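Trainee: What follows is a single structure, and I will ask about it in a moment.
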Amino acid sequence: FSRIVLKHGGKPVYKFTSPGEVLYAFRDAIAGHQNLWNAGILHRDVSINNILIGLPGSKPGYRGLLIDLDLSVWTDPRRNPAELEIRTGTRAFQSVNVLHSYDPDRRAHSHDYLDDLESFFYVLCFIACGFDVAKPKPKDDVIAEEIRPFPIGLSEWENTNPRWAVNAKKAMYFGGRFPERVTDVFKNAGPAFENLLDKLFYFFHGHVVRKISRARPRLTLLELKPQSAEHYKTVLTFFDEAIEEFVAFKALKGARPLRALPPTSLELIATPKQTVVRVPLVDLPPNTGTIATPESRLTRKRVESDNTDELSTAKKSRKA
């Protein structure tokens, strides 16, 4: 017999008690993802259930954790099994590239670290735009719960038909700017979350456009390694800047009433406008897919109606 003893990592990110917890958790979970990537491991299942908030009092680097490596692979293909599932992850958080892989007429790129970083962005969208305060607690802490009705734009990402799910995400990028509004708990935390979502939106817009280009060369995971450091640095810098904005706003709000803020103070840190390339949508048949209910949103790993002949025996459902 053998025994494995593990430490309690923390609570899921959607059970946050303050906006700051969300920023710190994402920042350190992404850094952890980079550590895995540098060690030759690609996670491939970044989701709302797999990002944890570190235990109270955790030091920087441990304020957020990324768990559940059952679908992870080695970046060196020689170390992976011959039968390898290529379509992994939770539908709502799958990248545009991974969703395209369901289309037999499209040759999608291999799942890489940018697909996982894109998934972090979609999880943050769900948290910041789909969860709000349930009731206040002492010391201005909050208990989060999913808002109802859930934003329709985000709900469409969960469509069990991958073609409809990918079109919903491409429509977001087609619009030229991030379309969703953050909930009150994040809006009351200052401009940090809105600015962060805008920065991530423009960052991934460019990568989505490049990946759907049929002329773009397809690189192996090992070939992608040299350029990954700069991409991780960019995304982590976005979160570091958001944390600085959040801390500064919190200090200023505590020093004087919010209405006393000068009207130009938020404009100084606004995200600059960027040139947007239109992302083409695909023609779709009648929608035969379904969208998650609030009860199933946090308990499903992969939608049940995915074509079983296209899927391996890899885990398809998430236990609560």
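Starting from 1 in every chain, residues are counted up; chains themselves are A, B, ... following the order of the structure tokens, and ligands are numbered from 1 as listed.
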Could you give me, as a list in words, the residues within 8 Å of region 246-250 of chain A, counting only C-alpha atoms and dropping anything in the same chain fewer than 4 positions from it?
Mentor: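 Near neighbours after the sequence-gap exclusion: Gly20, Ala189, Gly190, Pro191, Ala192, Ala242 and Gly254 of chain A.
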Trainee: Produce a file of the selected residues containing N, CA and C atoms, as a compact mmCIF listing (two decimals), in the first residue's frame.
Mentor:
# COMPACT_ATOMS: atom_id res chain seq x y z
N GLY A 20 -9.26 41.95 -4.46
CA GLY A 20 -7.82 41.76 -4.41
C GLY A 20 -7.43 40.30 -4.46
N ALA A 189 -14.03 48.59 -7.02
CA ALA A 189 -12.62 48.43 -6.68
C ALA A 189 -11.73 49.33 -7.52
N GLY A 190 -12.34 50.24 -8.27
CA GLY A 190 -11.56 51.16 -9.09
C GLY A 190 -11.45 50.70 -10.53
N PRO A 191 -10.57 51.31 -11.30
CA PRO A 191 -10.47 51.00 -12.72
C PRO A 191 -9.62 49.78 -13.04
N ALA A 192 -9.08 49.12 -12.04
CA ALA A 192 -8.10 48.06 -12.28
C ALA A 192 -8.65 46.93 -13.15
N ALA A 242 -2.38 45.99 -12.72
CA ALA A 242 -3.73 46.00 -12.15
C ALA A 242 -3.67 45.98 -10.62
N GLY A 254 -9.80 55.11 0.86
CA GLY A 254 -9.81 55.13 2.32
C GLY A 254 -9.42 56.48 2.89
Trainee: Do you know which residues are at most 12 Å from His207 (chain A) counting only C-alpha atoms, after dropping those on the same chain fewer than 3 positions away, and could you put them as a PyMOL selection string?
Mentor: chain A and resi 95-97+112-115+117-118+173+200-204+210-213+216+231+276-277+279
Trainee: If you run DSSP on the backbone, which residues of region 32-121 of chain A are strand (DSSP E or B), as a VMD selection string?
Mentor: chain A and resid 41 to 42 51 to 53 64 to 66 73 to 74
Trainee: Write a file of the selected residues as a PDB file, in the first residue's frame, keeping N, CA and C atoms.
Mentor:
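Contents of result_17.pdb, freshly written:
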ATOM      1  N   ILE A  41       5.964  21.017 -19.193  1.00  0.00           N
ATOM      2  CA  ILE A  41       4.605  20.511 -19.002  1.00  0.00           C
ATOM      3  C   ILE A  41       3.601  21.568 -19.441  1.00  0.00           C
ATOM      4  N   LEU A  42       2.609  21.168 -20.227  1.00  0.00           N
ATOM      5  CA  LEU A  42       1.517  22.058 -20.629  1.00  0.00           C
ATOM      6  C   LEU A  42       0.240  21.598 -19.934  1.00  0.00           C
ATOM      7  N   ILE A  51      -8.401  27.018 -10.692  1.00  0.00           N
ATOM      8  CA  ILE A  51      -7.626  28.133 -10.144  1.00  0.00           C
ATOM      9  C   ILE A  51      -8.070  28.325  -8.702  1.00  0.00           C
ATOM     10  N   LEU A  52      -7.135  28.202  -7.781  1.00  0.00           N
ATOM     11  CA  LEU A  52      -7.453  28.326  -6.363  1.00  0.00           C
ATOM     12  C   LEU A  52      -6.876  29.609  -5.784  1.00  0.00           C
ATOM     13  N   ILE A  53      -7.558  30.128  -4.787  1.00  0.00           N
ATOM     14  CA  ILE A  53      -7.045  31.245  -3.999  1.00  0.00           C
ATOM     15  C   ILE A  53      -6.199  30.662  -2.878  1.00  0.00           C
ATOM     16  N   GLY A  64      -2.099  32.224  -5.296  1.00  0.00           N
ATOM     17  CA  GLY A  64      -2.958  31.553  -6.258  1.00  0.00           C
ATOM     18  C   GLY A  64      -2.300  30.274  -6.722  1.00  0.00           C
ATOM     19  N   LEU A  65      -3.102  29.252  -6.978  1.00  0.00           N
ATOM     20  CA  LEU A  65      -2.575  27.961  -7.392  1.00  0.00           C
ATOM     21  C   LEU A  65      -3.346  27.441  -8.595  1.00  0.00           C
ATOM     22  N   LEU A  66      -2.655  26.673  -9.416  1.00  0.00           N
ATOM     23  CA  LEU A  66      -3.269  25.997 -10.554  1.00  0.00           C
ATOM     24  C   LEU A  66      -3.222  24.502 -10.279  1.00  0.00           C
ATOM     25  N   VAL A  73       0.234  17.535 -20.625  1.00  0.00           N
ATOM     26  CA  VAL A  73       1.114  16.755 -21.503  1.00  0.00           C
ATOM     27  C   VAL A  73       2.529  17.302 -21.400  1.00  0.00           C
ATOM     28  N   TRP A  74       3.470  16.488 -21.840  1.00  0.00           N
ATOM     29  CA  TRP A  74       4.849  16.950 -21.954  1.00  0.00           C
ATOM     30  C   TRP A  74       4.991  17.768 -23.233  1.00  0.00           C
TER      31      TRP A  74
END
Trainee: Find the residues near Val22 (chain A): any atom within 12 Å, counting only C-alpha atoms, skip ones fewer than 6 places away on the same chain, and give them as a PDB file with N, CA and C atoms, in the first residue's frame.
Mentor:
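Result file follows (selection-v4.pdb):
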ATOM      1  N   LYS A  11      -9.362  27.724  -1.692  1.00  0.00           N
ATOM      2  CA  LYS A  11     -10.730  27.658  -2.225  1.00  0.00           C
ATOM      3  C   LYS A  11     -10.730  28.043  -3.700  1.00  0.00           C
ATOM      4  N   PRO A  12     -11.737  27.589  -4.470  1.00  0.00           N
ATOM      5  CA  PRO A  12     -11.825  27.982  -5.876  1.00  0.00           C
ATOM      6  C   PRO A  12     -11.934  29.493  -6.013  1.00  0.00           C
ATOM      7  N   VAL A  13     -11.426  30.005  -7.119  1.00  0.00           N
ATOM      8  CA  VAL A  13     -11.351  31.452  -7.294  1.00  0.00           C
ATOM      9  C   VAL A  13     -12.730  32.101  -7.302  1.00  0.00           C
ATOM     10  N   TYR A  14     -13.769  31.374  -7.705  1.00  0.00           N
ATOM     11  CA  TYR A  14     -15.108  31.977  -7.736  1.00  0.00           C
ATOM     12  C   TYR A  14     -15.704  32.133  -6.339  1.00  0.00           C
ATOM     13  N   LYS A  15     -14.997  31.668  -5.315  1.00  0.00           N
ATOM     14  CA  LYS A  15     -15.438  31.868  -3.935  1.00  0.00           C
ATOM     15  C   LYS A  15     -14.637  32.983  -3.261  1.00  0.00           C
ATOM     16  N   PHE A  16     -14.212  33.941  -4.045  1.00  0.00           N
ATOM     17  CA  PHE A  16     -13.414  35.050  -3.521  1.00  0.00           C
ATOM     18  C   PHE A  16     -14.192  35.848  -2.485  1.00  0.00           C
ATOM     19  N   ASP A  28      -0.528  34.760  -9.522  1.00  0.00           N
ATOM     20  CA  ASP A  28       0.365  33.689  -9.092  1.00  0.00           C
ATOM     21  C   ASP A  28       0.047  32.369  -9.784  1.00  0.00           C
ATOM     22  N   ALA A  29      -1.215  32.141 -10.145  1.00  0.00           N
ATOM     23  CA  ALA A  29      -1.560  30.927 -10.885  1.00  0.00           C
ATOM     24  C   ALA A  29      -0.943  30.955 -12.279  1.00  0.00           C
ATOM     25  N   ILE A  48     -12.421  27.564 -14.326  1.00  0.00           N
ATOM     26  CA  ILE A  48     -12.859  28.253 -13.115  1.00  0.00           C
ATOM     27  C   ILE A  48     -12.732  27.362 -11.883  1.00  0.00           C
ATOM     28  N   ILE A  51      -8.401  27.018 -10.692  1.00  0.00           N
ATOM     29  CA  ILE A  51      -7.626  28.133 -10.144  1.00  0.00           C
ATOM     30  C   ILE A  51      -8.070  28.325  -8.702  1.00  0.00           C
ATOM     31  N   LEU A  52      -7.135  28.202  -7.781  1.00  0.00           N
ATOM     32  CA  LEU A  52      -7.453  28.326  -6.363  1.00  0.00           C
ATOM     33  C   LEU A  52      -6.876  29.609  -5.784  1.00  0.00           C
ATOM     34  N   ILE A  53      -7.558  30.128  -4.787  1.00  0.00           N
ATOM     35  CA  ILE A  53      -7.045  31.245  -3.999  1.00  0.00           C
ATOM     36  C   ILE A  53      -6.199  30.662  -2.878  1.00  0.00           C
ATOM     37  N   GLY A  54      -4.978  31.148  -2.736  1.00  0.00           N
ATOM     38  CA  GLY A  54      -4.092  30.629  -1.707  1.00  0.00           C
ATOM     39  C   GLY A  54      -4.637  30.849  -0.307  1.00  0.00           C
ATOM     40  N   ARG A  63      -0.225  32.935  -3.543  1.00  0.00           N
ATOM     41  CA  ARG A  63      -1.561  33.488  -3.327  1.00  0.00           C
ATOM     42  C   ARG A  63      -2.582  32.928  -4.303  1.00  0.00           C
ATOM     43  N   GLY A  64      -2.099  32.224  -5.296  1.00  0.00           N
ATOM     44  CA  GLY A  64      -2.958  31.553  -6.258  1.00  0.00           C
ATOM     45  C   GLY A  64      -2.300  30.274  -6.722  1.00  0.00           C
ATOM     46  N   LEU A  65      -3.102  29.252  -6.978  1.00  0.00           N
ATOM     47  CA  LEU A  65      -2.575  27.961  -7.392  1.00  0.00           C
ATOM     48  C   LEU A  65      -3.346  27.441  -8.595  1.00  0.00           C
ATOM     49  N   PHE A 120      -7.151  31.557 -19.231  1.00  0.00           N
ATOM     50  CA  PHE A 120      -7.111  32.395 -18.033  1.00  0.00           C
ATOM     51  C   PHE A 120      -7.943  33.663 -18.245  1.00  0.00           C
ATOM     52  N   VAL A 123     -11.653  32.843 -17.988  1.00  0.00           N
ATOM     53  CA  VAL A 123     -12.057  32.621 -16.595  1.00  0.00           C
ATOM     54  C   VAL A 123     -12.199  33.960 -15.877  1.00  0.00           C
ATOM     55  N   LEU A 124     -11.254  34.867 -16.105  1.00  0.00           N
ATOM     56  CA  LEU A 124     -11.342  36.189 -15.489  1.00  0.00           C
ATOM     57  C   LEU A 124     -12.597  36.919 -15.953  1.00  0.00           C
ATOM     58  N   CYS A 125     -12.955  36.776 -17.224  1.00  0.00           N
ATOM     59  CA  CYS A 125     -14.196  37.383 -17.723  1.00  0.00           C
ATOM     60  C   CYS A 125     -15.399  36.853 -16.946  1.00  0.00           C
ATOM     61  N   PHE A 126     -15.436  35.548 -16.730  1.00  0.00           N
ATOM     62  CA  PHE A 126     -16.548  34.950 -15.984  1.00  0.00           C
ATOM     63  C   PHE A 126     -16.614  35.501 -14.567  1.00  0.00           C
ATOM     64  N   ILE A 127     -15.457  35.610 -13.922  1.00  0.00           N
ATOM     65  CA  ILE A 127     -15.426  36.066 -12.536  1.00  0.00           C
ATOM     66  C   ILE A 127     -15.819  37.540 -12.450  1.00  0.00           C
ATOM     67  N   ALA A 128     -15.159  38.384 -13.236  1.00  0.00           N
ATOM     68  CA  ALA A 128     -15.342  39.831 -13.110  1.00  0.00           C
ATOM     69  C   ALA A 128     -16.674  40.314 -13.655  1.00  0.00           C
ATOM     70  N   PHE A 131     -19.897  37.410 -11.492  1.00  0.00           N
ATOM     71  CA  PHE A 131     -20.026  37.166 -10.054  1.00  0.00           C
ATOM     72  C   PHE A 131     -20.054  38.490  -9.312  1.00  0.00           C
ATOM     73  N   ALA A 144     -18.925  36.009  -2.711  1.00  0.00           N
ATOM     74  CA  ALA A 144     -19.309  36.111  -4.112  1.00  0.00           C
ATOM     75  C   ALA A 144     -20.321  35.047  -4.485  1.00  0.00           C
ATOM     76  N   VAL A 185     -19.060  44.775  -7.564  1.00  0.00           N
ATOM     77  CA  VAL A 185     -17.973  44.566  -6.611  1.00  0.00           C
ATOM     78  C   VAL A 185     -16.623  44.884  -7.239  1.00  0.00           C
ATOM     79  N   PHE A 186     -16.470  44.643  -8.535  1.00  0.00           N
ATOM     80  CA  PHE A 186     -15.215  44.944  -9.217  1.00  0.00           C
ATOM     81  C   PHE A 186     -15.172  46.394  -9.687  1.00  0.00           C
ATOM     82  N   ALA A 189     -14.032  48.591  -7.022  1.00  0.00           N
ATOM     83  CA  ALA A 189     -12.617  48.426  -6.683  1.00  0.00           C
ATOM     84  C   ALA A 189     -11.730  49.329  -7.522  1.00  0.00           C
ATOM     85  N   ALA A 192      -9.077  49.119 -12.037  1.00  0.00           N
ATOM     86  CA  ALA A 192      -8.101  48.058 -12.279  1.00  0.00           C
ATOM     87  C   ALA A 192      -8.651  46.934 -13.145  1.00  0.00           C
ATOM     88  N   PHE A 193      -9.842  46.452 -12.848  1.00  0.00           N
ATOM     89  CA  PHE A 193     -10.362  45.289 -13.570  1.00  0.00           C
ATOM     90  C   PHE A 193     -10.780  45.645 -14.991  1.00  0.00           C
ATOM     91  N   PHE A 239      -1.149  42.065 -14.985  1.00  0.00           N
ATOM     92  CA  PHE A 239      -1.693  41.802 -13.647  1.00  0.00           C
ATOM     93  C   PHE A 239      -0.958  42.609 -12.583  1.00  0.00           C
ATOM     94  N   ALA A 242      -2.380  45.987 -12.722  1.00  0.00           N
ATOM     95  CA  ALA A 242      -3.731  46.002 -12.146  1.00  0.00           C
ATOM     96  C   ALA A 242      -3.673  45.977 -10.624  1.00  0.00           C
ATOM     97  N   ILE A 243      -2.757  45.209 -10.071  1.00  0.00           N
ATOM     98  CA  ILE A 243      -2.602  45.160  -8.612  1.00  0.00           C
ATOM     99  C   ILE A 243      -2.178  46.523  -8.081  1.00  0.00           C
ATOM    100  N   PHE A 246      -5.185  48.774  -8.173  1.00  0.00           N
ATOM    101  CA  PHE A 246      -6.133  48.391  -7.130  1.00  0.00           C
ATOM    102  C   PHE A 246      -5.669  48.886  -5.761  1.00  0.00           C
TER     103      PHE A 246
END
